[in-house]
Amino acid sequence: MQIEETLLGGLSPEAFLRDYWQKKPLLIRQAIPGFESHYSPEELAGLSLEPDVESRLVIEKAGERPWQVIHGPQQEDTFLGLPDTHWTLLLQAVNQHDVDIASLFDLFAFIPAWRLDDIMISYAPDQGSVGPHTDNYDVFLIQAHGKRHWQISNQTVSDEDLIPGIDMRIMQQFDMSKEWMLEPGDMLYLPPNVPHHGIAQGDCITYSIGFRAPDQNELLDEYILSRLKHIENNRRYSDADLIPSANSGELSSNSRQQLRKLLLDTLLLTDDALDQWLAEFVTEPVRGAGPEPVEPAVSESELVELIKQSETCYRSEQARYCWYRDQAGQLLAYADGERITISKEAEEWFIRFADQRVFFQQELLEAAGSKHSLTLLCQLYNLGFLIFDSEL
Ligand code: SIN
Ligand code: CO
């Protein structure tokens with residue numbers, strides 16, 4: 001059977017989005033038949049020692065305090081001192097370090113790419129868990145190795161329901177409403193805020209495909225920050241047209257209007273400006289820094305040589321990409337928090353670039369046959385967004 005038929009347990013993406021997405025949990029047995037972890041427990045431990053890999057070690061019982069969290073990079077000695085059971089190693093954003101892991105996102109291409117957060121991989125020995133908790137985000141939990149006993153609850157959780165004084169947000173009491181034993185290839189979809197508790201049954205590796213959804217605080221914080229960066233000549237309130245006031249305590253309509261204008265000019269709340277900022281915002285790296293530009297930049301003919309030397313080319317996973325059409329129908333292309341100016345003739349290629357992670361020699365040679373798409377490819381390469389296998 002094709003993965004499209006199994007992934008959502010026979011549901012079409014339309015039916016899944018309509019009936020489950022952001023609404024209710026769904027267990028899918030053998031969503032990815034034959035699925036195996038790309039990493040062994042030892043390899044995951046090895047990855048967590050690396051300085052650019054974000055990790056957490058959660059020790060339920062034998063740590064300095066209950067539910068102790070040790071943030072990475074982890075130390076080799078820490079692993080030597082761990083008990084046999086009741087701990088979990090969580091590696092965040094493994095997709096940014098491994099294109100095969102990032103390719104799992106392609107299974108969920110029916111969800112807009114800007115909604116993706118990261119792929120977290122956890123390893124736990126027997127009884128390891130991160131405690132009963134809720135997350136703010138949608139997640140697909142794919143069982144990759146061994147078994148995990150998942151329980152969910154229909155409790156509504158607030159801050160008072162959490163265990164006080166620990167490093168994590170764990171529920172004091174968990175009233176299970178449903179439970180399943182997940183085996184490799186099984187997948188559990190959870191919408192935001194559904195209490196869940198997954199306990200390893202023997203050695204266990206779980207992949208979490210996580211999604212992002214900014215809240216009002218984040219949007220406002222980020223937007224204001226970006227507007228502050230744009231203020232070059234810090235305009236000050238001025239009232240050269242002031243006339244004598246009858247009552248000095250009044251905040252006059254004229255003053256209010258001028259102050260409002262000064263504030264609104266700063267905020268720049270036009271649809272066009274907001275749309276442009278949104279595209280910058282959703283393509284900014286969620287974790288870590290974006291890719292480095294190529295130094296020295298290559299010419300178009302040098303790029304054609306690079307294409308000829310490489311079977312495969314990868315899109316950088318350090319950056320995010322998106323595009324949209326403005327009201328005039330023009331395509332605006334964004335990568336890594338910035339707009340990229342592209343020609344009309346290269347639009348189709350950018351659309352493809354924003355959809356696809358891996359490119360083969362033949363398709364790149366075809367693209368390089370047209371001046372406009374070659375210019376775009378060269379631009380993308382020099383910005384650090386394309387990596388040839390010959391360079392790895
Ligand atoms: C885990 O993989 O142990 C935890 C995943 C989750 O509950 O979000
Ligand atoms: Co969770």
# chains A, B, ... in the order shown; residues from 1 in each chain; ligands from 1
>>> residues_around(residues="stretch 259-265 of chain A", least_positions_apart="3", cutoff="12 Å", atoms="only C-alpha atoms", output="short mmCIF file (atom, residue, chain, number, x, y, z; two decimals) with C-alpha atoms, in the first residue's frame")
data_model
loop_
_atom_site.label_atom_id
_atom_site.label_comp_id
_atom_site.auth_asym_id
_atom_site.auth_seq_id
_atom_site.Cartn_x
_atom_site.Cartn_y
_atom_site.Cartn_z
CA ILE A 224 6.82 45.84 17.36
CA ARG A 227 8.88 48.23 13.47
CA LEU A 228 11.37 49.61 16.00
CA HIS A 230 12.67 50.47 10.86
CA ILE A 231 12.56 53.79 12.70
CA ASN A 234 12.91 59.08 15.19
CA ARG A 235 10.17 61.64 14.49
CA ARG A 236 9.02 63.54 17.56
CA TYR A 237 5.62 65.03 18.30
CA SER A 238 5.49 68.61 17.10
CA ASP A 239 2.76 71.26 17.28
CA LEU A 251 -6.02 66.70 25.88
CA SER A 252 -7.44 68.31 22.77
CA SER A 253 -8.84 66.53 19.78
CA ASN A 254 -6.09 68.08 17.65
CA SER A 255 -3.35 66.76 19.99
CA ARG A 256 -4.98 63.33 20.10
CA LEU A 268 2.32 50.83 9.59
CA LEU A 269 -0.86 48.81 9.79
CA THR A 270 -1.57 48.54 6.06
CA ALA A 273 3.02 46.08 5.06
#
>>> closest_atom_pairs(of="stretch 93-152 of chain A", to="stretch 43-62 of chain A", cutoff="12 Å", atoms="only C-alpha atoms", output="JSON lines")
{"residue": "A:Ala93", "atom": "CA", "partner": "A:Glu54", "partner_atom": "CA", "distance": 7.3}
{"residue": "A:Val94", "atom": "CA", "partner": "A:Val53", "partner_atom": "CA", "distance": 7.6}
{"residue": "A:Asn95", "atom": "CA", "partner": "A:Val53", "partner_atom": "CA", "distance": 10.6}
{"residue": "A:Gln96", "atom": "CA", "partner": "A:Val53", "partner_atom": "CA", "distance": 9.1}
{"residue": "A:His97", "atom": "CA", "partner": "A:Val53", "partner_atom": "CA", "distance": 8.1}
{"residue": "A:Asp98", "atom": "CA", "partner": "A:Leu47", "partner_atom": "CA", "distance": 11.1}
{"residue": "A:Asp118", "atom": "CA", "partner": "A:Glu54", "partner_atom": "CA", "distance": 11.3}
{"residue": "A:Ile119", "atom": "CA", "partner": "A:Glu54", "partner_atom": "CA", "distance": 11.6}
{"residue": "A:Met120", "atom": "CA", "partner": "A:Ser55", "partner_atom": "CA", "distance": 9.2}
{"residue": "A:Ile121", "atom": "CA", "partner": "A:Leu44", "partner_atom": "CA", "distance": 8.3}
{"residue": "A:Ser122", "atom": "CA", "partner": "A:Leu44", "partner_atom": "CA", "distance": 8.3}
{"residue": "A:Tyr123", "atom": "CA", "partner": "A:Leu44", "partner_atom": "CA", "distance": 7.4}
{"residue": "A:Ala124", "atom": "CA", "partner": "A:Val58", "partner_atom": "CA", "distance": 9.5}
{"residue": "A:Pro125", "atom": "CA", "partner": "A:Ile59", "partner_atom": "CA", "distance": 11.2}
{"residue": "A:Gln127", "atom": "CA", "partner": "A:Glu60", "partner_atom": "CA", "distance": 9.6}
{"residue": "A:Gly128", "atom": "CA", "partner": "A:Glu60", "partner_atom": "CA", "distance": 7.7}
{"residue": "A:Ser129", "atom": "CA", "partner": "A:Glu60", "partner_atom": "CA", "distance": 7.8}
{"residue": "A:Val130", "atom": "CA", "partner": "A:Val58", "partner_atom": "CA", "distance": 6.7}
{"residue": "A:Gly131", "atom": "CA", "partner": "A:Glu60", "partner_atom": "CA", "distance": 8.2}
{"residue": "A:Pro132", "atom": "CA", "partner": "A:Glu60", "partner_atom": "CA", "distance": 11.9}
>>> write_last_selection(atoms="N, CA, C and O atoms", output="tab-separated table (two decimals), in the first residue's frame")
chain	number	residue	atom	x	y	z
A	93	ALA	N	14.43	19.57	17.08
A	93	ALA	CA	14.80	20.05	15.72
A	93	ALA	C	15.85	19.18	15.03
A	93	ALA	O	16.78	19.70	14.43
A	94	VAL	N	15.68	17.87	15.11
A	94	VAL	CA	16.64	16.98	14.44
A	94	VAL	C	16.54	17.18	12.92
A	94	VAL	O	17.52	16.99	12.19
A	95	ASN	N	15.38	17.64	12.45
A	95	ASN	CA	15.20	17.94	11.02
A	95	ASN	C	16.23	18.95	10.50
A	95	ASN	O	16.59	18.92	9.32
A	96	GLN	N	16.74	19.81	11.38
A	96	GLN	CA	17.70	20.81	10.91
A	96	GLN	C	19.10	20.22	10.71
A	96	GLN	O	19.95	20.83	10.09
A	97	HIS	N	19.30	19.02	11.23
A	97	HIS	CA	20.63	18.42	11.14
A	97	HIS	C	20.66	17.24	10.18
A	97	HIS	O	21.73	16.73	9.88
A	98	ASP	N	19.49	16.76	9.77
A	98	ASP	CA	19.45	15.52	8.99
A	98	ASP	C	18.32	15.61	7.98
A	98	ASP	O	17.13	15.65	8.35
A	118	ASP	N	9.13	21.61	14.40
A	118	ASP	CA	10.34	20.79	14.30
A	118	ASP	C	10.00	19.32	14.47
A	118	ASP	O	8.85	18.96	14.76
A	119	ILE	N	11.01	18.49	14.27
A	119	ILE	CA	10.86	17.06	14.56
A	119	ILE	C	11.74	16.76	15.76
A	119	ILE	O	12.96	16.97	15.73
A	120	MET	N	11.06	16.34	16.84
A	120	MET	CA	11.79	16.01	18.06
A	120	MET	C	11.89	14.49	18.12
A	120	MET	O	10.94	13.79	17.78
A	121	ILE	N	13.03	14.00	18.56
A	121	ILE	CA	13.18	12.55	18.72
A	121	ILE	C	13.49	12.29	20.19
A	121	ILE	O	14.35	12.95	20.78
A	122	SER	N	12.76	11.33	20.78
A	122	SER	CA	13.04	11.01	22.17
A	122	SER	C	13.47	9.55	22.29
A	122	SER	O	12.99	8.69	21.56
A	123	TYR	N	14.40	9.36	23.20
A	123	TYR	CA	14.75	7.98	23.57
A	123	TYR	C	14.48	7.81	25.06
A	123	TYR	O	14.81	8.69	25.87
A	124	ALA	N	13.88	6.68	25.42
A	124	ALA	CA	13.69	6.39	26.85
A	124	ALA	C	13.91	4.90	27.08
A	124	ALA	O	13.49	4.08	26.26
A	125	PRO	N	14.55	4.57	28.20
A	125	PRO	CA	14.57	3.17	28.60
A	125	PRO	C	13.22	2.85	29.25
A	125	PRO	O	12.37	3.74	29.35
A	127	GLN	N	9.97	2.53	31.24
A	127	GLN	CA	9.26	3.43	32.17
A	127	GLN	C	9.61	4.91	32.00
A	127	GLN	O	9.12	5.75	32.77
A	128	GLY	N	10.45	5.23	31.02
A	128	GLY	CA	10.79	6.63	30.81
A	128	GLY	C	9.58	7.39	30.28
A	128	GLY	O	8.82	6.88	29.45
A	129	SER	N	9.39	8.62	30.78
A	129	SER	CA	8.31	9.47	30.27
A	129	SER	C	8.65	10.91	30.64
A	129	SER	O	9.59	11.15	31.40
A	130	VAL	N	7.90	11.84	30.10
A	130	VAL	CA	8.09	13.23	30.51
A	130	VAL	C	6.92	13.67	31.39
A	130	VAL	O	6.67	14.87	31.56
A	131	GLY	N	6.20	12.67	31.92
A	131	GLY	CA	5.09	12.97	32.82
A	131	GLY	C	3.83	13.36	32.05
A	131	GLY	O	3.90	13.71	30.88
A	132	PRO	N	2.68	13.30	32.73
A	132	PRO	CA	1.44	13.73	32.08
A	132	PRO	C	1.43	15.24	31.90
A	132	PRO	O	1.73	15.97	32.85
>>> closest_residue(among="A:Leu331, A:Ile170, A:Leu383, A:Val304", to="A:Ala319", atoms="only C-alpha atoms")
A:Leu383
>>> residues_near_ligand(ligand="ligand 2", cutoff="9 Å", atoms="only C-alpha atoms and all ligand atoms", output="ChimeraX atom specification")
/A:130-137,139,141,190,194-198,208
>>> closest_residue(among="A:Phe108, A:Phe211, A:Trp349, A:Trp87", to="A:Pro66", atoms="only C-alpha atoms")
A:Trp87
>>> closest_residue(among="A:Glu302, A:Asp106, A:Glu366, A:Asp159", to="A:Ala354", atoms="only C-alpha atoms")
A:Asp106
>>> atom_distance(atom1="atom CA of A:Glu76", atom2="atom CA of A:Gly288")
23.3 Å
>>> closest_residue(among="A:Met187, A:Cys313, A:Leu267, A:Ala246", to="ligand 1", atoms="only C-alpha atoms and all ligand atoms")
A:Met187
>>> select_by_dssp(residues="stretch 138-333 of chain A", states="strand (DSSP E or B)", output="number ranges by chain")
A: 139-152, 162, 171, 178-182, 187-190, 196-211, 312-315, 321-325, 331-333
>>> closest_residue(among="A:Ile199, A:Ala367, A:Leu27, A:Val69", to="ligand 1", atoms="only C-alpha atoms and all ligand atoms")
A:Ile199
>>> residues_around(residues="stretch 373-376 of chain A", least_positions_apart="6", cutoff="8 Å", atoms="only C-alpha atoms", output="number ranges by chain")
A: 300, 342, 345-346, 349-350, 367
>>> write_last_selection(atoms="N, CA and C atoms", output="PDB file, in the first residue's frame")
ATOM      1  N   GLU A 300      27.093  32.325 -12.568  1.00  0.00           N
ATOM      2  CA  GLU A 300      26.113  31.375 -13.107  1.00  0.00           C
ATOM      3  C   GLU A 300      26.806  30.206 -13.797  1.00  0.00           C
ATOM      4  N   ILE A 342      12.779  38.375  -7.274  1.00  0.00           N
ATOM      5  CA  ILE A 342      12.938  37.418  -8.380  1.00  0.00           C
ATOM      6  C   ILE A 342      12.160  37.915  -9.593  1.00  0.00           C
ATOM      7  N   GLU A 345       9.517  35.516 -14.626  1.00  0.00           N
ATOM      8  CA  GLU A 345       9.754  34.242 -15.320  1.00  0.00           C
ATOM      9  C   GLU A 345      10.275  33.159 -14.374  1.00  0.00           C
ATOM     10  N   ALA A 346      10.831  33.559 -13.229  1.00  0.00           N
ATOM     11  CA  ALA A 346      11.400  32.555 -12.317  1.00  0.00           C
ATOM     12  C   ALA A 346      10.409  32.157 -11.217  1.00  0.00           C
ATOM     13  N   TRP A 349       9.683  28.510 -10.635  1.00  0.00           N
ATOM     14  CA  TRP A 349      10.776  27.775 -10.002  1.00  0.00           C
ATOM     15  C   TRP A 349      10.850  28.038  -8.503  1.00  0.00           C
ATOM     16  N   PHE A 350      10.529  29.259  -8.120  1.00  0.00           N
ATOM     17  CA  PHE A 350      10.554  29.527  -6.673  1.00  0.00           C
ATOM     18  C   PHE A 350       9.431  28.757  -5.981  1.00  0.00           C
ATOM     19  N   ALA A 367      16.415  23.450 -15.366  1.00  0.00           N
ATOM     20  CA  ALA A 367      16.178  24.814 -14.866  1.00  0.00           C
ATOM     21  C   ALA A 367      17.292  25.744 -15.340  1.00  0.00           C
TER      22      ALA A 367
END
>>> closest_residue(among="A:Leu242, A:Leu116, A:Leu182, A:Ala279", to="A:Asp326", atoms="only C-alpha atoms")
A:Ala279
>>> atom_distance(atom1="atom CA of A:Ile351", atom2="atom CA of A:Arg325")
11.0 Å
>>> select_by_dssp(residues="stretch 144-379 of chain A", states="alpha helix (DSSP H)", output="PyMOL selection string")
chain A and resi 216-230+253-267+271-283+300-309+347-355+361-368+371-379
>>> atom_distance(atom1="atom CA of A:Gln327", atom2="atom CA of A:Arg357")
28.4 Å
>>> residues_around(residues="A:Gln201", least_positions_apart="4", cutoff="8 Å", atoms="only C-alpha atoms", output="VMD selection string")
chain A and resid 125 to 127 146 to 149
>>> residues_around(residues="A:Arg339", least_positions_apart="2", cutoff="10 Å", atoms="only C-alpha atoms", output="list in words")
Gln276, Trp277, Ala279, Glu280, Thr283, Tyr321, Cys322, Trp323, Leu332, Ala333, Tyr334, Ala335, Asp336, Gly337, Thr341 and Ile342 of chain A
>>> write_last_selection(atoms="C-alpha atoms", output="mmCIF file, in the first residue's frame")
data_model
loop_
_atom_site.group_PDB
_atom_site.id
_atom_site.type_symbol
_atom_site.label_atom_id
_atom_site.label_comp_id
_atom_site.auth_asym_id
_atom_site.auth_seq_id
_atom_site.Cartn_x
_atom_site.Cartn_y
_atom_site.Cartn_z
ATOM 1 C CA GLN A 276 5.217 41.486 3.976
ATOM 2 C CA TRP A 277 6.113 41.362 7.625
ATOM 3 C CA ALA A 279 6.149 36.462 5.339
ATOM 4 C CA GLU A 280 9.373 37.673 6.985
ATOM 5 C CA THR A 283 10.448 32.414 7.424
ATOM 6 C CA TYR A 321 10.858 29.557 2.710
ATOM 7 C CA CYS A 322 7.479 30.900 1.611
ATOM 8 C CA TRP A 323 5.795 32.993 -1.022
ATOM 9 C CA LEU A 332 6.626 37.834 -3.352
ATOM 10 C CA ALA A 333 9.330 35.333 -2.427
ATOM 11 C CA TYR A 334 10.798 35.023 1.079
ATOM 12 C CA ALA A 335 13.584 33.005 2.627
ATOM 13 C CA ASP A 336 15.199 33.175 6.030
ATOM 14 C CA GLY A 337 13.263 36.237 7.143
ATOM 15 C CA THR A 341 13.610 39.788 -5.515
ATOM 16 C CA ILE A 342 12.938 37.418 -8.380
#
